[in-house]
Amino acid sequence: MGTSDEEIDRLLGKLTPRARALLLSGATTWRTRPEPAVGLRGLVMSDGPAGVRGEAWDERDTSVLLPSASALAATWDEALVEGLGGVLAAEARRKGVDVLLAPTLNLHRSPLGGRHFECLSEDPELTGRIGAALVRGIQAHGVAATAKHYVANDSETDRLTVDVRVGERALREVYLAPFEAAVAAGVRLVMAGYNAVNGTTMTANALLGDPLKSEWGFDGVVVSDWGAVRATLDTARAGLDLAMPGPDGPWGEALARAVADGDVPEAAVDDKARRLLRLAAWLGALGECAAPRAGTSGGASGAQGVAGRGGASSAQGVARRGVAPGVGGFPSGGAAPSVEGSPSGGPARGAEPPAPDPSRTRDVRALARRAVAAGTVLLANRDVLPLDPERLETVAVIGAHAVRTRTQGGGSAGVFPQGEVSVLDGVRDALRGRARVVHVPGPRPDGPAPPLDEGICTDPRSGLPGVLLRMLDADGRELYAERRRGGRLLEPRLVPGAHTVEISARIGARTGGSWTLGVAGFGRMSLALDGRTLLEGDFPPPTDDPAVVHVNPPAQYARADLAADRDALLVARRELAPGTGRATVVVAAPPAPDVTASLSEAARAAGAADAAIVVVGTTEHGESEGYDRTSLALGATQDALVRAVAAANPRTVAVVNSGGPVELPWREEAGAVLLAWFPGQEGGAGLADVLFGRTEPGGRLPTTWPAVLADAPVIRTRPDGDGRLGYDEGLHLGYRGWLRHHRTPAYWFGHGLGYTTWTYEALTAPPVTRAGDDLTVRVRVRNTGAREGREVVQVYLARPASALDRPVRWLAGYAAVRARPGETVTATVRVPARSLSHWSVAEHAWRTEPGPCRLQAGRSAGDLPLVADLEVVAPAA
């Protein structure tokens with residue numbers, strides 16, 4: 001980490017212009033190119049932000065799974081988020097990862113955004129502070145963080161081609177602000193998104209130079225999103241430094257030729273290579289003492305080292321085997337790397353032993369559990385929570401999400417967790433030996449059939465739980481076989497000559513009747529049951545979005561009758577052809593129970609219990625990378641379930657298991673409404689801590705929740721016919737838009753209840769402040785409840801007499817305080833000078849408007865009882 005710029009320039013001088021240009025493309029899907037001439041090993045990258053997957057996407061290579069990013073922002077707790085960043089860094093080092101592709105700093109512009117769970121909030125100030133905390137936590141342990149997706153990549157619809165049209169002022173004050181905060185925190189990489197902004201794709205956009213590199217002084221690496229580079233010259237002349245993945249793509253040899261021909265200045269390539277070497281030096285990956293990460297094959301970066309992990313190897317190795325990368329760089333089928341090394345895709349023979357798995361340590365699990373409670377938002381409470389275990393004899397836990405709690409969102413950020421605690425598990429553990437817990441599933445939620453899992457299937461060859469994966473040649477001969485734990489195979493091990501992937505399993509149907517069976521993927525596929533073909537056909541990808549093609553492809557379905565307690569052999573096959581991705585998923589669902597009967601059963605169980613906990617939420621295809629939502633409804637059956645349970649028992653707690661806003665038409669009927677987000681692997685344990693009062697729900701909403709979608713002031717995520725998506729709201733997204741249009745949401749940004757009550761007593765601020773100076777505000781609050789608690793004190797600014805277009809008010813700062821019952825405490829809130837400034841489009845600079853300003857303090861954007869006036873004056877000459 002101590003390598004000087006002079007030393008980096010000396011190493012750069014050892015390389016020819018061609019060698020420098022070749023450094024700037026990936027060697028594989030997840031690795032950069034090594035360069036022995038300067039002692040540079042390849043850097044290993046991995047998706048985040050809720051967990052670190054590593055290079056292999058294998059359910060046997062498990063990861064710590066933290067709460068979703070939206071849940072982390074809901075903590076409003078930077079110290080806690082820094083600690084969680086340390087967990088991610090430890091996971092990265094254990095898995096041999098140098099660069100973590102997190103945090104995601106795009107905003108919750110519309111409630112329909114499909115990837116809200118991976119983003120932090122709707123507000124630039126909160127997003128910037130929480131994002132910077134995560135950056136600090138990750139990088140404090142020698143792992144590089146990546147701020148993504150620069151910039152205005154705030155929705156998924158047509159994300160590869162959409163041209164976002166956004167005004168200069170909104171771009172600066174809203175969408176660029178979180179990235180500026182990340183750069184100030186020292187982030188080592190910034191990822192350029194797929195989208196265009198104001199007519200130019202982000203990988204070639206001038207915004208990569210100014211403000212990122214020039215005004216902000218970013219000296220790190222600008223990396224492309226995977227497959228986002230589509231041309232050579234315009235991107236190479238811009239501020240992009242590294243094109244991922246590799247080995248094929250528009251840079252590589254094409255960039256080297258462009259430099260030789262004078263079409264791309266050598267100085268531009270030198271700057272990019274210098275940045276990459278500077279990053280490598282910081283990571284300890286440059287020079288004779290370049291250190292391999294724990295979990296790698298001794299730091300090998302070429303064909304032998306990477307092939308030993310069962311993944312794609314070096315550029316030469318992949319080209320030799322003929323793998324044709326699809327969009328996003330994921331191999332698309334055809335011949336494949338060898339199968340040297342361990343079957344699980346772990347280190348090859350002779351590699352260093354892996355570091356201890358932190359997901360199995362008590363401290364990491366405790367921190368993840370604490371994070372669940374810290375981000376859980378109590379939306380409403382009618383003297384129901386917390387539940388007192390000493391006064392409970394029977395508790396009904398109701399809903400399919402209670403037993404299959406959704407712990408993470410869909411898409412490339414997904415990991416295979418080491419273990420998951422469901423809400424039902426958490427409640428049972430908390431009440432063991434105290435009260436009886438009854439579970440009723442209720443009606444099945446609307447949504448796709450889930451992948452096969454070990455609970456309903458066995459490998460037909462070994463008889464052990466799981467499925468049998470086979471690779472077949474063009475004549476159907478077996479080339480390779482292994483047992484896998486479930487039917488979701490995203491990067492199965494390929495072998496030379498592989499033509500078809502086959503997944504087979506014996507289904508043990510505990511429920512007889514008409515089952516839904518299917519296979520997800522692209523290309524020529526078939527599905528057979530006991531030798532009878534259920535479906536067969538060619539299913540080409542309708543999109544080249546890598547999240548859909550390689551991670552979350554749609555399933556083709558068939559129905560078949562299965563007899564109860566009798567095994568049936570299910571066999572799915574998919575031909576491996578270029579452009580069809582690597583994902584093959586076999587799904588199965590038993591007959592859906594009668595909705596009326598299921599609701600009656602749930603109501604009876606709730607009525608007979610001392611308290612009822614009903615869990616509802618979104619499905620994998622409802623919130624995912626690759627597409628936005630079209631509705632915020634949970635579905636008629638889930639809404640009916642909550643209503644039936646609440647009508648049967650006034651002590652009903654409705655737990656909402658989603659990553660972003662959903663409609664809650666029954667919110668006034670339930671005794672309490674608790675927002676769990678996607679809570680990660682310890683979700684059920686952390687929620688039980690909240691439900692039974694071991695800790696209070698610490699969360700505050702990072703996003704405004706509408707009562708119905710039609711109320712939301714900003715909805716559009718789909719571009720016009722010309723591919724343009726206008727950010728016509730300007731500065732007024734989120735709660736700012738609600739205030740501008742005089743609308744009242746179901747729950748305001750910043751809202752969240754604890755287990756005590758608070759009175760806001762006084763707001764103290766200086767009467768005058770000079771432009772360019774930070775401001776310190778003090779807010780006195782009193783705990784008026786019966787137990788100790790934590791309050792997030794929020795301070796907003798307003799300029800009602802401004803000559804400029806302004807939000808009605810905007811978040812300027814916040815601070816958390818704790819107090820015992822009856823105690824008075826003072827929150828000291830720093831308001832940065834930037835909060836009082838605006839971006840002048842005429843001068844292309846930050847300016848501060850003199851004149852009166854209003855400070856408001858309270859519990860949310862809609863509950864601000866304290867007001868103080870302030871005069872902003874010009875700085876002294």
# chains A, B, ... in the order shown; residues from 1 in each chain; ligands from 1

$ closest_atom_pairs --of "range 159-274 of chain A" --to "range 98-110 of chain A" --cutoff "12 Å" --atoms "only C-alpha atoms" --output "Markdown table"
| residue | atom | partner | partner_atom | distance |
| --- | --- | --- | --- | --- |
| A:Leu171 | CA | A:Leu107 | CA | 11.8 |
| A:Val174 | CA | A:Leu107 | CA | 8.8 |
| A:Tyr175 | CA | A:Asn106 | CA | 7.2 |
| A:Leu176 | CA | A:Asn106 | CA | 9.0 |
| A:Ala177 | CA | A:Leu105 | CA | 9.4 |
| A:Pro178 | CA | A:Leu105 | CA | 6.2 |
| A:Phe179 | CA | A:Leu105 | CA | 6.8 |
| A:Glu180 | CA | A:Leu105 | CA | 10.3 |
| A:Ala181 | CA | A:Leu105 | CA | 10.0 |
| A:Ala182 | CA | A:Leu105 | CA | 8.8 |
| A:Val183 | CA | A:Leu105 | CA | 11.8 |
| A:Val187 | CA | A:Pro103 | CA | 9.9 |
| A:Arg188 | CA | A:Val99 | CA | 8.9 |
| A:Leu189 | CA | A:Val99 | CA | 8.4 |
| A:Val190 | CA | A:Leu101 | CA | 9.0 |
| A:Met191 | CA | A:Leu101 | CA | 8.2 |
| A:Ala192 | CA | A:Thr104 | CA | 11.5 |
| A:Gly193 | CA | A:Asn106 | CA | 10.3 |
| A:Val221 | CA | A:Val99 | CA | 11.1 |
| A:Val222 | CA | A:Leu101 | CA | 11.9 |
| A:Val223 | CA | A:Leu101 | CA | 10.0 |
| A:Ser224 | CA | A:Leu101 | CA | 11.0 |
| A:Asp225 | CA | A:Leu101 | CA | 9.6 |
| A:Trp226 | CA | A:Leu101 | CA | 10.9 |

$ write_last_selection --atoms "N, CA and C atoms" --output "PDB file, in the first residue's frame"
ATOM      1  N   LEU A 171     -29.048  16.781 -11.484  1.00  0.00           N
ATOM      2  CA  LEU A 171     -27.957  15.821 -11.562  1.00  0.00           C
ATOM      3  C   LEU A 171     -26.936  16.090 -10.467  1.00  0.00           C
ATOM      4  N   VAL A 174     -28.781  16.013  -6.636  1.00  0.00           N
ATOM      5  CA  VAL A 174     -29.488  14.801  -6.230  1.00  0.00           C
ATOM      6  C   VAL A 174     -28.712  13.541  -6.609  1.00  0.00           C
ATOM      7  N   TYR A 175     -28.503  13.316  -7.894  1.00  0.00           N
ATOM      8  CA  TYR A 175     -28.042  12.003  -8.350  1.00  0.00           C
ATOM      9  C   TYR A 175     -26.533  11.815  -8.234  1.00  0.00           C
ATOM     10  N   LEU A 176     -25.757  12.885  -8.410  1.00  0.00           N
ATOM     11  CA  LEU A 176     -24.314  12.770  -8.258  1.00  0.00           C
ATOM     12  C   LEU A 176     -23.871  12.877  -6.805  1.00  0.00           C
ATOM     13  N   ALA A 177     -24.697  13.472  -5.952  1.00  0.00           N
ATOM     14  CA  ALA A 177     -24.286  13.763  -4.580  1.00  0.00           C
ATOM     15  C   ALA A 177     -23.817  12.527  -3.807  1.00  0.00           C
ATOM     16  N   PRO A 178     -24.509  11.369  -3.859  1.00  0.00           N
ATOM     17  CA  PRO A 178     -24.009  10.211  -3.119  1.00  0.00           C
ATOM     18  C   PRO A 178     -22.648   9.719  -3.616  1.00  0.00           C
ATOM     19  N   PHE A 179     -22.394   9.842  -4.912  1.00  0.00           N
ATOM     20  CA  PHE A 179     -21.097   9.436  -5.446  1.00  0.00           C
ATOM     21  C   PHE A 179     -19.999  10.384  -4.980  1.00  0.00           C
ATOM     22  N   GLU A 180     -20.332  11.658  -4.892  1.00  0.00           N
ATOM     23  CA  GLU A 180     -19.364  12.622  -4.369  1.00  0.00           C
ATOM     24  C   GLU A 180     -19.006  12.281  -2.926  1.00  0.00           C
ATOM     25  N   ALA A 181     -19.999  11.865  -2.141  1.00  0.00           N
ATOM     26  CA  ALA A 181     -19.737  11.469  -0.755  1.00  0.00           C
ATOM     27  C   ALA A 181     -18.848  10.226  -0.698  1.00  0.00           C
ATOM     28  N   ALA A 182     -19.059   9.292  -1.616  1.00  0.00           N
ATOM     29  CA  ALA A 182     -18.226   8.082  -1.643  1.00  0.00           C
ATOM     30  C   ALA A 182     -16.785   8.420  -2.001  1.00  0.00           C
ATOM     31  N   VAL A 183     -16.597   9.330  -2.959  1.00  0.00           N
ATOM     32  CA  VAL A 183     -15.250   9.747  -3.329  1.00  0.00           C
ATOM     33  C   VAL A 183     -14.582  10.435  -2.141  1.00  0.00           C
ATOM     34  N   VAL A 187     -13.364   6.043  -1.737  1.00  0.00           N
ATOM     35  CA  VAL A 187     -13.692   4.837  -2.496  1.00  0.00           C
ATOM     36  C   VAL A 187     -12.659   4.617  -3.600  1.00  0.00           C
ATOM     37  N   ARG A 188     -12.301   3.352  -3.844  1.00  0.00           N
ATOM     38  CA  ARG A 188     -11.220   3.023  -4.764  1.00  0.00           C
ATOM     39  C   ARG A 188     -11.685   2.801  -6.204  1.00  0.00           C
ATOM     40  N   LEU A 189     -12.953   2.451  -6.394  1.00  0.00           N
ATOM     41  CA  LEU A 189     -13.469   2.257  -7.742  1.00  0.00           C
ATOM     42  C   LEU A 189     -14.845   2.893  -7.851  1.00  0.00           C
ATOM     43  N   VAL A 190     -15.159   3.324  -9.053  1.00  0.00           N
ATOM     44  CA  VAL A 190     -16.504   3.789  -9.399  1.00  0.00           C
ATOM     45  C   VAL A 190     -16.916   3.023 -10.654  1.00  0.00           C
ATOM     46  N   MET A 191     -18.125   2.472 -10.640  1.00  0.00           N
ATOM     47  CA  MET A 191     -18.613   1.691 -11.782  1.00  0.00           C
ATOM     48  C   MET A 191     -19.529   2.541 -12.650  1.00  0.00           C
ATOM     49  N   ALA A 192     -19.220   2.595 -13.949  1.00  0.00           N
ATOM     50  CA  ALA A 192     -20.073   3.283 -14.914  1.00  0.00           C
ATOM     51  C   ALA A 192     -21.210   2.370 -15.336  1.00  0.00           C
ATOM     52  N   GLY A 193     -22.420   2.896 -15.344  1.00  0.00           N
ATOM     53  CA  GLY A 193     -23.612   2.095 -15.608  1.00  0.00           C
ATOM     54  C   GLY A 193     -23.824   1.803 -17.077  1.00  0.00           C
ATOM     55  N   VAL A 221     -10.068   3.870  -9.947  1.00  0.00           N
ATOM     56  CA  VAL A 221     -10.347   3.223 -11.224  1.00  0.00           C
ATOM     57  C   VAL A 221     -11.834   3.332 -11.530  1.00  0.00           C
ATOM     58  N   VAL A 222     -12.152   3.761 -12.752  1.00  0.00           N
ATOM     59  CA  VAL A 222     -13.527   3.721 -13.244  1.00  0.00           C
ATOM     60  C   VAL A 222     -13.684   2.421 -14.034  1.00  0.00           C
ATOM     61  N   VAL A 223     -14.499   1.530 -13.545  1.00  0.00           N
ATOM     62  CA  VAL A 223     -14.723   0.233 -14.176  1.00  0.00           C
ATOM     63  C   VAL A 223     -16.101   0.230 -14.816  1.00  0.00           C
ATOM     64  N   SER A 224     -16.225  -0.467 -15.927  1.00  0.00           N
ATOM     65  CA  SER A 224     -17.541  -0.562 -16.563  1.00  0.00           C
ATOM     66  C   SER A 224     -18.407  -1.562 -15.836  1.00  0.00           C
ATOM     67  N   ASP A 225     -19.716  -1.380 -15.915  1.00  0.00           N
ATOM     68  CA  ASP A 225     -20.599  -2.481 -15.554  1.00  0.00           C
ATOM     69  C   ASP A 225     -20.333  -3.598 -16.568  1.00  0.00           C
ATOM     70  N   TRP A 226     -20.683  -4.814 -16.194  1.00  0.00           N
ATOM     71  CA  TRP A 226     -20.261  -5.971 -16.984  1.00  0.00           C
ATOM     72  C   TRP A 226     -20.952  -5.983 -18.353  1.00  0.00           C
TER      73      TRP A 226
END

$ atom_distance --atom1 "CA of Asp565 in chain A" --atom2 "CA of Ala509 in chain A"
5.5 Å

$ residues_around --residues "Gly86 in chain A" --least-positions-apart "2" --cutoff "8 Å" --atoms "only C-alpha atoms" --output "list of chain:residue names"
A:Glu82, A:Gly83, A:Leu84, A:Leu88, A:Ala89, A:Ala90, A:Gly137, A:Ile138, A:Ala140, A:His141

$ residues_around --residues "Leu160 in chain A" --least-positions-apart "2" --cutoff "9 Å" --atoms "only C-alpha atoms" --output "PyMOL selection string"
chain A and resi 156-158+162+193-196+228+544-545

$ write_last_selection --atoms "C-alpha atoms" --output "compact mmCIF listing (two decimals), in the first residue's frame"
# COMPACT_ATOMS: atom_id res chain seq x y z
CA GLU A 156 -34.21 -1.46 -14.54
CA THR A 157 -36.56 -1.13 -17.52
CA ASP A 158 -34.48 -1.06 -20.72
CA VAL A 162 -32.28 3.89 -21.73
CA GLY A 193 -23.61 2.09 -15.61
CA TYR A 194 -25.25 0.67 -18.72
CA ASN A 195 -27.52 3.65 -19.26
CA ALA A 196 -26.95 6.85 -21.15
CA ALA A 228 -21.48 -2.06 -20.73
CA ASP A 544 -29.52 -9.47 -23.72
CA ASP A 545 -29.75 -8.18 -20.15

$ decode --residues "range 413-427 of chain A" --atoms "all heavy atoms" --output "compact mmCIF listing (two decimals), in the first residue's frame"
# COMPACT_ATOMS: atom_id res chain seq x y z
N ALA A 413 -26.69 -9.88 -7.46
CA ALA A 413 -26.18 -9.66 -6.11
C ALA A 413 -26.47 -10.83 -5.18
O ALA A 413 -26.05 -10.83 -4.02
CB ALA A 413 -26.78 -8.39 -5.51
N GLY A 414 -27.18 -11.84 -5.65
CA GLY A 414 -27.57 -12.94 -4.79
C GLY A 414 -26.41 -13.83 -4.40
O GLY A 414 -25.43 -13.99 -5.13
N VAL A 415 -26.50 -14.41 -3.21
CA VAL A 415 -25.51 -15.38 -2.73
C VAL A 415 -26.25 -16.59 -2.18
O VAL A 415 -27.46 -16.56 -1.97
CB VAL A 415 -24.60 -14.79 -1.64
CG1 VAL A 415 -23.85 -13.57 -2.14
CG2 VAL A 415 -25.40 -14.43 -0.38
N PHE A 416 -25.50 -17.65 -1.95
CA PHE A 416 -26.03 -18.81 -1.25
C PHE A 416 -25.62 -18.70 0.21
O PHE A 416 -24.45 -18.87 0.54
CB PHE A 416 -25.50 -20.11 -1.86
CG PHE A 416 -26.06 -20.41 -3.22
CD1 PHE A 416 -25.31 -20.19 -4.36
CD2 PHE A 416 -27.35 -20.91 -3.36
CE1 PHE A 416 -25.82 -20.47 -5.62
CE2 PHE A 416 -27.87 -21.18 -4.62
CZ PHE A 416 -27.11 -20.96 -5.75
N PRO A 417 -26.56 -18.41 1.11
CA PRO A 417 -26.20 -18.23 2.52
C PRO A 417 -25.88 -19.57 3.19
O PRO A 417 -26.39 -20.62 2.79
CB PRO A 417 -27.44 -17.60 3.15
CG PRO A 417 -28.56 -17.98 2.25
CD PRO A 417 -27.99 -18.12 0.86
N GLN A 418 -25.03 -19.48 4.20
CA GLN A 418 -24.64 -20.69 4.94
C GLN A 418 -25.84 -21.30 5.66
O GLN A 418 -25.94 -22.50 5.81
CB GLN A 418 -23.53 -20.34 5.92
CG GLN A 418 -23.02 -21.51 6.75
CD GLN A 418 -23.64 -21.57 8.13
OE1 GLN A 418 -23.98 -20.53 8.69
NE2 GLN A 418 -23.79 -22.75 8.67
N GLY A 419 -26.74 -20.47 6.08
CA GLY A 419 -27.96 -20.92 6.73
C GLY A 419 -28.89 -19.73 6.86
O GLY A 419 -28.45 -18.59 6.87
N GLU A 420 -30.19 -19.98 6.92
CA GLU A 420 -31.17 -18.91 7.02
C GLU A 420 -32.14 -19.21 8.15
O GLU A 420 -32.64 -20.32 8.26
CB GLU A 420 -31.94 -18.76 5.70
CG GLU A 420 -31.08 -18.38 4.52
CD GLU A 420 -31.84 -18.47 3.22
OE1 GLU A 420 -32.04 -19.60 2.71
OE2 GLU A 420 -32.26 -17.41 2.70
N VAL A 421 -32.38 -18.21 8.98
CA VAL A 421 -33.34 -18.34 10.07
C VAL A 421 -34.64 -17.70 9.61
O VAL A 421 -34.71 -16.48 9.42
CB VAL A 421 -32.82 -17.66 11.35
CG1 VAL A 421 -33.82 -17.85 12.49
CG2 VAL A 421 -31.45 -18.20 11.74
N SER A 422 -35.67 -18.51 9.45
CA SER A 422 -36.98 -17.98 9.03
C SER A 422 -37.67 -17.32 10.22
O SER A 422 -37.27 -17.48 11.38
CB SER A 422 -37.84 -19.11 8.49
OG SER A 422 -38.22 -19.99 9.54
N VAL A 423 -38.74 -16.59 9.92
CA VAL A 423 -39.53 -16.00 11.01
C VAL A 423 -40.06 -17.10 11.92
O VAL A 423 -40.03 -16.98 13.15
CB VAL A 423 -40.68 -15.15 10.45
CG1 VAL A 423 -41.58 -14.65 11.57
CG2 VAL A 423 -40.13 -13.96 9.65
N LEU A 424 -40.54 -18.18 11.34
CA LEU A 424 -41.06 -19.29 12.16
C LEU A 424 -39.96 -19.86 13.04
O LEU A 424 -40.19 -20.11 14.24
CB LEU A 424 -41.64 -20.37 11.24
CG LEU A 424 -42.21 -21.61 11.95
CD1 LEU A 424 -43.36 -21.22 12.88
CD2 LEU A 424 -42.68 -22.64 10.93
N ASP A 425 -38.78 -20.06 12.49
CA ASP A 425 -37.66 -20.56 13.29
C ASP A 425 -37.34 -19.62 14.44
O ASP A 425 -37.12 -20.04 15.58
CB ASP A 425 -36.40 -20.73 12.43
CG ASP A 425 -36.53 -21.83 11.41
OD1 ASP A 425 -37.33 -22.76 11.63
OD2 ASP A 425 -35.81 -21.77 10.39
N GLY A 426 -37.29 -18.32 14.14
CA GLY A 426 -36.96 -17.35 15.17
C GLY A 426 -37.98 -17.31 16.29
O GLY A 426 -37.62 -17.24 17.47
N VAL A 427 -39.26 -17.37 15.94
CA VAL A 427 -40.31 -17.35 16.96
C VAL A 427 -40.25 -18.63 17.79
O VAL A 427 -40.38 -18.59 19.03
CB VAL A 427 -41.69 -17.17 16.30
CG1 VAL A 427 -42.81 -17.37 17.32
CG2 VAL A 427 -41.79 -15.78 15.66
